[in-house]
file my_file-v8.txt (compact mmCIF, C-alpha atoms)
# COMPACT_ATOMS: atom_id res chain seq x y z
CA MET A 769 9.50 18.42 -18.29
CA LYS A 770 6.49 17.08 -16.45
CA ALA A 771 3.11 16.93 -18.11
CA ARG A 772 0.54 19.56 -17.16
CA PHE A 773 -2.35 18.29 -15.12
CA GLU A 774 -5.81 19.31 -14.01
CA LEU A 775 -6.68 18.24 -10.49
CA LYS A 776 -10.29 17.13 -10.09
CA PHE A 777 -12.00 15.82 -6.99
CA ASP A 778 -15.39 14.63 -5.81
CA SER A 779 -16.73 13.77 -2.38
CA VAL A 780 -18.01 10.21 -2.64
CA VAL A 781 -18.85 7.23 -0.52
CA THR A 782 -16.79 4.15 -1.28
CA GLU A 783 -18.02 0.67 -0.46
CA ASN A 784 -16.03 -2.42 0.43
CA VAL A 785 -17.83 -5.14 -1.52
CA THR A 786 -16.37 -7.82 0.71
CA LYS A 787 -18.04 -6.77 3.95
CA GLY A 788 -20.54 -4.12 2.88
CA VAL A 789 -18.61 -1.43 4.77
CA ARG A 790 -19.11 2.13 3.56
CA HIS A 791 -16.38 4.77 3.92
CA MET A 792 -16.54 8.50 3.29
CA ALA A 793 -13.69 9.49 1.01
CA ARG A 794 -12.83 12.24 -1.42
CA ARG A 795 -11.66 11.09 -4.84
CA PHE A 796 -8.90 12.92 -6.72
CA ASP A 797 -8.08 12.34 -10.38
CA ILE A 798 -4.40 13.06 -10.96
CA THR A 799 -1.80 12.37 -13.64
CA GLY A 800 1.09 9.96 -13.27
CA ALA A 801 4.22 9.37 -15.31
CA GLY A 802 3.57 9.22 -19.04
CA SER A 803 0.18 10.92 -18.50
CA VAL A 804 -1.33 7.76 -16.99
CA PRO A 805 -4.55 8.69 -15.13
CA LEU A 806 -4.38 7.86 -11.43
CA THR A 807 -7.02 7.87 -8.73
CA ALA A 808 -6.31 8.87 -5.14
CA TRP A 809 -8.64 8.76 -2.14
CA GLU A 810 -8.53 11.00 0.91
CA TYR A 811 -10.26 9.33 3.83
CA ALA A 812 -12.12 11.02 6.65
CA ALA A 813 -12.42 9.83 10.23
CA GLU A 814 -15.47 7.85 11.26
CA PRO A 815 -18.48 10.19 11.78
CA SER A 816 -18.63 9.26 15.46
CA GLU A 817 -15.00 10.10 16.16
CA PRO A 818 -15.27 13.90 16.55
CA THR A 819 -17.69 13.52 19.47
CA GLN A 820 -15.42 11.12 21.34
CA PRO A 821 -12.39 12.13 23.43
CA SER A 822 -9.28 12.08 21.25
CA PRO A 823 -6.39 9.91 22.50
CA GLY A 824 -3.88 12.35 21.01
CA PRO A 825 -3.47 15.88 19.74
CA SER A 826 -6.31 17.29 17.65
CA ARG A 827 -5.89 17.65 13.90
CA PRO A 828 -3.96 20.84 13.06
CA ALA A 829 -5.33 23.41 10.61
CA ASP A 830 -2.73 22.30 8.04
CA PRO A 831 -2.26 18.60 8.88
CA PRO A 832 0.83 16.71 7.74
CA GLY A 833 0.33 14.52 4.71
CA VAL A 834 0.37 10.72 4.56
CA LEU A 835 0.45 8.75 1.32
CA LEU A 836 -0.49 5.07 1.58
CA LEU A 837 0.77 2.73 -1.14
CA HIS A 838 -0.74 -0.73 -1.57
CA GLY A 839 1.15 -3.78 -2.71
CA LEU A 840 0.96 -5.82 -5.89
CA MET A 841 -2.68 -6.70 -6.72
CA GLY A 842 -3.95 -4.33 -4.02
CA ARG A 843 -6.01 -1.18 -4.20
CA ALA A 844 -6.38 2.07 -2.29
CA SER A 845 -9.52 0.92 -0.44
CA HIS A 846 -7.47 -1.74 1.34
CA TRP A 847 -6.02 1.14 3.37
CA ALA A 848 -9.41 2.53 4.47
CA ALA A 849 -9.17 1.40 8.11
CA THR A 850 -5.60 2.64 8.53
CA ALA A 851 -6.37 5.94 6.80
CA ARG A 852 -9.44 6.55 8.98
CA ARG A 853 -7.36 5.82 12.07
CA LEU A 854 -4.85 8.49 11.00
CA ALA A 855 -7.40 11.01 9.69
CA PRO A 856 -7.99 12.88 12.99
CA ARG A 857 -4.35 14.06 12.95
CA TYR A 858 -3.15 13.64 9.35
CA ARG A 859 -4.30 14.22 5.80
CA ALA A 860 -4.42 10.53 4.85
CA VAL A 861 -4.50 9.74 1.13
CA ALA A 862 -4.36 6.29 -0.48
CA LEU A 863 -3.31 5.90 -4.11
CA ASP A 864 -4.59 3.40 -6.64
CA GLN A 865 -1.28 2.67 -8.38
CA ARG A 866 -1.05 2.17 -12.12
CA GLY A 867 -2.63 -1.08 -13.26
CA HIS A 868 -4.67 -1.31 -10.05
CA GLY A 869 -8.04 -0.19 -8.73
CA GLY A 870 -9.55 2.84 -10.44
CA SER A 871 -6.30 4.03 -12.04
CA GLY A 872 -5.25 3.64 -15.65
CA LYS A 873 -4.14 0.23 -16.88
CA PRO A 874 -1.80 0.86 -19.80
CA GLU A 875 0.22 -1.90 -21.41
CA GLY A 876 3.27 -0.26 -19.90
CA PRO A 877 5.58 0.72 -18.52
CA TYR A 878 5.39 -1.10 -15.18
CA SER A 879 8.95 -0.26 -14.24
CA ARG A 880 10.24 0.86 -10.87
CA GLU A 881 10.80 4.30 -12.40
CA ALA A 882 7.14 4.52 -13.41
CA TYR A 883 5.79 3.52 -10.00
CA VAL A 884 8.12 5.86 -8.11
CA SER A 885 7.36 8.75 -10.47
CA ASP A 886 3.63 8.16 -9.98
CA ALA A 887 4.00 8.45 -6.20
CA GLU A 888 6.15 11.55 -6.65
CA SER A 889 3.46 13.10 -8.86
CA ALA A 890 0.75 12.27 -6.33
CA ILE A 891 2.59 14.05 -3.52
CA GLU A 892 3.27 17.09 -5.66
CA GLN A 893 -0.16 17.39 -7.24
CA LEU A 894 -2.03 16.83 -3.96
CA ARG A 895 0.42 19.07 -2.07
CA LEU A 896 1.08 16.42 0.57
CA GLY A 897 4.80 16.94 0.99
CA PRO A 898 6.82 16.45 2.95
CA ALA A 899 4.71 13.34 3.54
CA VAL A 900 4.89 10.16 5.54
CA LEU A 901 4.94 7.25 3.09
CA ILE A 902 3.31 4.04 4.30
CA GLY A 903 3.78 1.09 1.98
CA HIS A 904 2.89 -2.57 2.00
CA SER A 905 4.99 -5.04 -0.02
CA MET A 906 5.65 -3.50 -3.46
CA GLY A 907 4.24 -0.20 -2.18
CA ALA A 908 6.89 -0.21 0.56
CA LEU A 909 9.64 -0.53 -2.05
CA THR A 910 8.14 2.42 -3.94
CA ALA A 911 8.12 4.37 -0.68
CA TRP A 912 11.78 3.89 0.15
CA GLN A 913 12.92 4.39 -3.43
CA LEU A 914 11.09 7.72 -3.54
CA ALA A 915 12.49 8.71 -0.14
CA ALA A 916 16.00 8.02 -1.45
CA ARG A 917 15.38 10.01 -4.64
CA ARG A 918 13.38 12.93 -3.26
CA PRO A 919 14.15 13.46 0.42
CA ASP A 920 12.50 16.88 0.21
CA LEU A 921 9.11 15.19 -0.38
CA VAL A 922 9.32 12.53 2.34
CA SER A 923 9.37 13.04 6.12
CA ALA A 924 9.23 9.37 7.18
CA VAL A 925 8.77 5.89 5.70
CA VAL A 926 6.94 2.79 6.92
CA ILE A 927 8.09 -0.43 5.23
CA CYS A 928 5.63 -3.29 5.76
CA ASP A 929 6.72 -6.83 4.86
CA MET A 930 8.90 -6.06 1.86
CA ARG A 931 12.28 -7.65 1.20
CA ALA A 932 15.34 -5.76 0.01
CA SER A 933 16.99 -8.89 -1.45
CA ALA A 934 16.48 -10.20 -4.98
CA LEU A 935 14.01 -13.09 -5.25
CA GLY A 936 15.27 -14.62 -8.49
CA GLU A 937 13.84 -15.92 -11.76
CA GLN A 938 12.40 -19.07 -10.20
CA SER A 939 10.21 -16.92 -7.97
CA GLN A 940 8.84 -15.15 -11.02
CA ARG A 941 8.07 -18.46 -12.75
CA THR A 942 6.28 -19.68 -9.63
CA TRP A 943 4.05 -16.62 -9.68
CA GLU A 944 3.20 -17.15 -13.34
CA THR A 945 2.21 -20.74 -12.56
CA TRP A 946 0.08 -19.55 -9.66
CA PHE A 947 -1.73 -16.99 -11.82
CA ASN A 948 -2.50 -19.70 -14.37
CA ALA A 949 -4.07 -21.80 -11.61
CA TRP A 950 -6.75 -19.21 -10.77
CA PRO A 951 -10.12 -20.77 -11.72
CA LEU A 952 -11.39 -17.71 -13.58
CA PRO A 953 -14.04 -16.53 -13.81
CA PHE A 954 -15.39 -17.14 -10.33
CA PRO A 955 -19.15 -17.81 -10.44
CA THR A 956 -19.79 -15.68 -7.34
CA LEU A 957 -17.90 -13.32 -5.08
CA ALA A 958 -18.27 -15.86 -2.28
CA ALA A 959 -16.56 -18.46 -4.46
CA ALA A 960 -13.64 -16.09 -5.06
CA ARG A 961 -13.33 -15.39 -1.35
CA ARG A 962 -13.41 -19.10 -0.53
CA TRP A 963 -10.77 -20.02 -3.11
CA PHE A 964 -8.26 -17.44 -1.88
CA ALA A 965 -9.01 -18.16 1.77
CA GLN A 966 -8.86 -21.96 1.74
CA ASP A 967 -9.00 -23.71 -1.66
CA ASP A 968 -5.87 -22.19 -3.24
CA PRO A 969 -3.36 -25.10 -3.34
CA TRP A 970 -0.53 -22.65 -2.64
CA LEU A 971 -1.93 -22.02 0.84
CA GLU A 972 -0.40 -23.90 3.75
CA ARG A 973 -3.47 -23.31 5.93
CA PRO A 974 -6.75 -21.38 5.68
CA ARG A 975 -6.45 -17.59 5.88
CA PRO A 976 -9.85 -15.83 5.95
CA THR A 977 -8.23 -12.39 5.78
CA ARG A 978 -6.59 -13.36 2.49
CA GLY A 979 -9.99 -14.31 1.10
CA ASP A 980 -11.42 -10.91 2.03
CA PHE A 981 -8.36 -9.14 0.61
CA PHE A 982 -8.73 -10.72 -2.83
CA ALA A 983 -12.52 -10.52 -2.88
CA ASP A 984 -12.13 -6.76 -2.58
CA VAL A 985 -10.21 -6.59 -5.89
CA MET A 986 -12.78 -8.58 -7.86
CA THR A 987 -15.21 -7.03 -10.33
CA GLU A 988 -18.34 -8.61 -11.78
CA GLY A 989 -18.64 -9.10 -15.54
CA PRO A 990 -21.06 -10.92 -17.86
CA ASP A 991 -19.35 -14.27 -17.22
CA GLY A 992 -18.64 -13.91 -13.50
CA TRP A 993 -16.03 -12.34 -11.20
CA ARG A 994 -12.50 -11.45 -12.30
CA PRO A 995 -9.70 -9.34 -10.79
CA ALA A 996 -9.63 -5.62 -11.49
CA PHE A 997 -6.15 -5.99 -12.93
CA ALA A 998 -4.42 -7.95 -15.70
CA HIS A 999 -2.11 -10.80 -14.72
CA ARG A 1000 0.38 -9.76 -17.40
CA HIS A 1001 0.62 -6.28 -15.85
CA MET A 1002 1.22 -7.77 -12.41
CA LEU A 1003 3.99 -10.03 -13.71
CA ARG A 1004 5.69 -7.09 -15.42
CA SER A 1005 5.40 -5.04 -12.25
CA ARG A 1006 6.86 -7.83 -10.14
CA GLU A 1007 9.67 -8.60 -12.58
CA ALA A 1008 10.80 -4.98 -12.26
CA TRP A 1009 11.77 -5.55 -8.63
CA ALA A 1010 11.95 -9.29 -7.99
CA LEU A 1011 15.11 -9.85 -10.05
CA ASP A 1012 17.15 -7.11 -8.39
CA SER A 1013 18.21 -6.26 -4.85
CA HIS A 1014 17.43 -2.84 -3.38
CA TRP A 1015 19.86 -2.46 -0.49
CA GLU A 1016 21.72 0.49 -2.02
CA GLN A 1017 18.58 2.62 -2.23
CA LEU A 1018 17.54 1.55 1.26
CA ALA A 1019 20.82 2.89 2.63
CA GLN A 1020 20.08 6.25 0.97
CA VAL A 1021 16.89 6.84 2.97
CA ARG A 1022 17.84 9.69 5.32
CA CYS A 1023 14.49 10.16 7.07
CA PRO A 1024 13.14 8.04 9.97
CA ALA A 1025 12.01 4.62 8.77
CA LEU A 1026 10.05 1.81 10.41
CA VAL A 1027 10.39 -1.79 9.21
CA VAL A 1028 7.37 -3.94 10.13
CA ARG A 1029 7.10 -7.70 9.67
CA GLY A 1030 4.54 -10.32 10.57
CA TRP A 1031 5.78 -13.45 12.29
CA GLU A 1032 4.51 -15.53 9.36
CA GLY A 1033 5.15 -13.00 6.60
CA GLU A 1034 7.50 -13.05 3.63
CA LEU A 1035 10.13 -10.84 5.27
CA GLY A 1036 12.27 -12.95 7.60
CA ARG A 1037 13.53 -11.65 10.93
CA ALA A 1038 17.22 -11.73 9.99
CA GLU A 1039 16.68 -9.76 6.78
CA ALA A 1040 14.33 -7.30 8.51
CA GLN A 1041 16.88 -6.60 11.22
CA GLU A 1042 19.61 -6.15 8.61
CA MET A 1043 17.36 -3.64 6.83
CA VAL A 1044 17.02 -1.71 10.09
CA ARG A 1045 20.80 -1.75 10.48
CA VAL A 1046 21.33 -0.47 6.92
CA LEU A 1047 18.80 2.34 7.30
CA PRO A 1048 20.47 5.45 8.76
CA HIS A 1049 17.46 6.06 11.04
CA GLY A 1050 15.73 2.69 11.13
CA SER A 1051 13.47 1.14 13.75
CA TYR A 1052 11.74 -2.21 13.93
CA ALA A 1053 8.39 -3.76 14.86
CA GLU A 1054 7.16 -7.35 14.78
CA ILE A 1055 3.48 -8.27 14.75
CA PRO A 1056 2.60 -11.68 16.23
CA ASP A 1057 0.06 -13.94 14.52
CA ALA A 1058 0.30 -12.03 11.23
CA GLY A 1059 1.29 -13.18 7.77
CA HIS A 1060 2.18 -11.10 4.73
CA LEU A 1061 -1.05 -9.09 5.07
CA VAL A 1062 0.05 -7.58 8.37
CA PRO A 1063 -2.29 -4.54 8.52
CA TRP A 1064 -5.31 -6.75 7.83
CA ASP A 1065 -4.34 -9.83 9.84
CA GLN A 1066 -3.75 -7.79 13.01
CA PRO A 1067 -5.17 -4.29 12.44
CA GLU A 1068 -5.02 -3.09 16.04
CA ALA A 1069 -1.41 -4.18 16.61
CA TRP A 1070 -0.46 -2.69 13.24
CA CYS A 1071 -2.06 0.66 14.06
CA GLU A 1072 -0.45 0.75 17.48
CA ALA A 1073 3.01 0.20 15.99
CA LEU A 1074 2.32 2.81 13.33
CA GLU A 1075 1.04 5.41 15.80
CA HIS A 1076 3.96 4.84 18.15
CA PHE A 1077 6.42 5.42 15.31
CA LEU A 1078 4.60 8.54 14.08
CA ALA A 1079 4.52 9.97 17.60
CA GLU A 1080 8.28 9.48 17.88
CA VAL A 1081 8.81 11.12 14.49
CA ALA A 1082 6.64 14.09 15.49
CA GLY A 1083 8.50 14.43 18.78
CA THR A 1084 11.87 14.43 17.04
CA ALA A 1085 10.67 17.06 14.57
CA ARG A 1086 9.70 19.39 17.43
CA ILE A 1087 13.10 19.18 19.14

call {"tool": "encode", "arguments": {"input": "my_file-v8.txt", "output": "structure tokens"}}
result
Amino acid sequence: MKARFELKFDSVVTENVTKGVRHMARRFDITGAGSVPLTAWEYAAEPSEPTQPSPGPSRPADPPGVLLLHGLMGRASHWAATARRLAPRYRAVALDQRGHGGSGKPEGPYSREAYVSDAESAIEQLRLGPAVLIGHSMGALTAWQLAARRPDLVSAVVICDMRASALGEQSQRTWETWFNAWPLPFPTLAAARRWFAQDDPWLERPRPTRGDFFADVMTEGPDGWRPAFAHRHMLRSREAWALDSHWEQLAQVRCPALVVRGWEGELGRAEAQEMVRVLPHGSYAEIPDAGHLVPWDQPEAWCEALEHFLAEVAGTARI
């Protein structure tokens, strides 16, 4: 039996500390698996957008729902630009997953079951279903696992730069070593941005977008800037999927699915194309000049691929 919940929301303005960008969003406090408190954000279109000609159909009275799921170490606000792009035609909600952002940070569990159940609860409590699930990295895995388990809640899935193959124990040890190398606390936010963009010895070349991405998950404390998550929680979250393969669940996704990879991302072309082949209704998009952070490295190309897929899904639904 699922826990009872009380849905609360506030209209607030969120601010991206990295670039000083302010976004209008409505905050919802919901309840995840094991009564973990979760925070979700529904984004509105830019204030100027209603006065401009719309490139597509206007937003319906009861718009279809979209749930955006960030990856490991991410947060809901990372999806602000994508959510605002979708807001004129969809009800676009981004979730701070357990251990991340403004959601609860229990000592556990950080299992696949917990993450998938949290997303399931978000769709049900916010009445988004059947929803389009858009996930990056770990969030993409959550999306397709939920689509396989609850096809009644999911109308389509977007899988951005997430592998279906197991990564192995050595990969997990490498991540633990990398976490231990973070020079915490950072004296300033600019120092954090610089380290992740260019000074991190794990980087092959400078990536300014990566610096912005990580600066946005930093919080200021008495001794400086630290991430808004615990490394031990991230390692437990990653261990829950890195040591296993997920092809079987991928094959169980019956709704339309888009696999997106960046040319320099973690998902290789051969594996991405095999994922498309395994998916009963899979399609594929590649984004040039993008790494793992595809939606932030190339936001316009990402949104164009996303909108093209969603238009095809909407057209199929009308037939």

call {"tool": "atom_distance", "arguments": {"input": "my_file-v8.txt", "atom1": "CA of Met841 (chain A)", "atom2": "CA of Ala1058 (chain A)"}}
result
19.0 Å

call {"tool": "residues_around", "arguments": {"input": "my_file-v8.txt", "residues": "Pro990 (chain A)", "least_positions_apart": "6", "cutoff": "12 Å", "atoms": "all atoms listed in the file", "output": "PyMOL selection string"}}
result
chain A and resi 953-956

call {"tool": "residues_around", "arguments": {"input": "my_file-v8.txt", "residues": "Ser879 (chain A)", "least_positions_apart": "6", "cutoff": "10 Å", "atoms": "only C-alpha atoms", "output": "list of chain:residue names"}}
result
A:Ser885, A:Arg1004, A:Ser1005, A:Arg1006, A:Glu1007, A:Ala1008, A:Trp1009

call {"tool": "closest_residue", "arguments": {"input": "my_file-v8.txt", "among": "A:Phe796, A:Trp970, A:Tyr883, A:Phe982", "to": "Ala862 (chain A)", "atoms": "only C-alpha atoms"}}
result
A:Phe796

call {"tool": "residues_around", "arguments": {"input": "my_file-v8.txt", "residues": "Pro1024 (chain A)", "least_positions_apart": "6", "cutoff": "12 Å", "atoms": "only C-alpha atoms", "output": "ChimeraX atom specification"}}
result
/A:899-901,912,915-916,919,922-927,1018,1044,1047-1052,1077-1085

call {"tool": "closest_residue", "arguments": {"input": "my_file-v8.txt", "among": "A:Glu892, A:Asp967, A:Asp929, A:Glu1075", "to": "Ser905 (chain A)", "atoms": "only C-alpha atoms"}}
result
A:Asp929

call {"tool": "closest_residue", "arguments": {"input": "my_file-v8.txt", "among": "A:His1001, A:His1014, A:His868, A:Arg975", "to": "Glu1032 (chain A)", "atoms": "all atoms listed in the file"}}
result
A:Arg975

call {"tool": "atom_distance", "arguments": {"input": "my_file-v8.txt", "atom1": "CA of Ile902 (chain A)", "atom2": "CA of Leu836 (chain A)"}}
result
4.8 Å

call {"tool": "closest_residue", "arguments": {"input": "my_file-v8.txt", "among": "A:Glu881, A:Met930, A:Leu971, A:Glu1016", "to": "Gly1030 (chain A)", "atoms": "all atoms listed in the file"}}
result
A:Met930

call {"tool": "atom_distance", "arguments": {"input": "my_file-v8.txt", "atom1": "CA of Tyr858 (chain A)", "atom2": "CA of Thr910 (chain A)"}}
result
20.7 Å

call {"tool": "closest_residue", "arguments": {"input": "my_file-v8.txt", "among": "A:Ala934, A:Ala851, A:Val861, A:Met1002", "to": "Lys873 (chain A)", "atoms": "only C-alpha atoms"}}
result
A:Met1002

call {"tool": "closest_residue", "arguments": {"input": "my_file-v8.txt", "among": "A:Gly897, A:Gly842, A:Pro995, A:Gly869", "to": "Pro805 (chain A)", "atoms": "only C-alpha atoms"}}
result
A:Gly869

call {"tool": "residues_near_point", "arguments": {"input": "my_file-v8.txt", "point": "(-8.5, 3.1, -13.0)", "cutoff": "12 Å", "atoms": "only C-alpha atoms", "output": "list in words"}}
result
Arg795, Phe796, Asp797, Ile798, Thr799, Gly800, Val804, Pro805, Leu806, Thr807, Ala808, Arg843, Ala844, Leu863, Asp864, Gln865, Arg866, Gly867, His868, Gly869, Gly870, Ser871, Gly872, Lys873, Pro874, Ala996 and Phe997 of chain A

call {"tool": "residues_around", "arguments": {"input": "my_file-v8.txt", "residues": "Pro1056 (chain A)", "least_positions_apart": "5", "cutoff": "12 Å", "atoms": "all atoms listed in the file", "output": "ChimeraX atom specification"}}
result
/A:1028-1033,1062-1063,1065-1070,1073

call {"tool": "write_last_selection", "arguments": {"input": "my_file-v8.txt", "atoms": "C-alpha atoms", "output": "compact mmCIF listing (two decimals), keeping the file's coordinate frame"}}
result
# COMPACT_ATOMS: atom_id res chain seq x y z
CA VAL A 1028 7.37 -3.94 10.13
CA ARG A 1029 7.10 -7.70 9.67
CA GLY A 1030 4.54 -10.32 10.57
CA TRP A 1031 5.78 -13.45 12.29
CA GLU A 1032 4.51 -15.53 9.36
CA GLY A 1033 5.15 -13.00 6.60
CA VAL A 1062 0.05 -7.58 8.37
CA PRO A 1063 -2.29 -4.54 8.52
CA ASP A 1065 -4.34 -9.83 9.84
CA GLN A 1066 -3.75 -7.79 13.01
CA PRO A 1067 -5.17 -4.29 12.44
CA GLU A 1068 -5.02 -3.09 16.04
CA ALA A 1069 -1.41 -4.18 16.61
CA TRP A 1070 -0.46 -2.69 13.24
CA ALA A 1073 3.01 0.20 15.99

call {"tool": "axis_aligned_box", "arguments": {"input": "my_file-v8.txt", "around": "region 841-858 of chain A", "padding_each_side": "4 Å", "output": "AutoDock Vina command-line options"}}
result
--center_x -6.1 --center_y 3.7 --center_z 3.1 --size_x 14.8 --size_y 28.8 --size_z 27.7
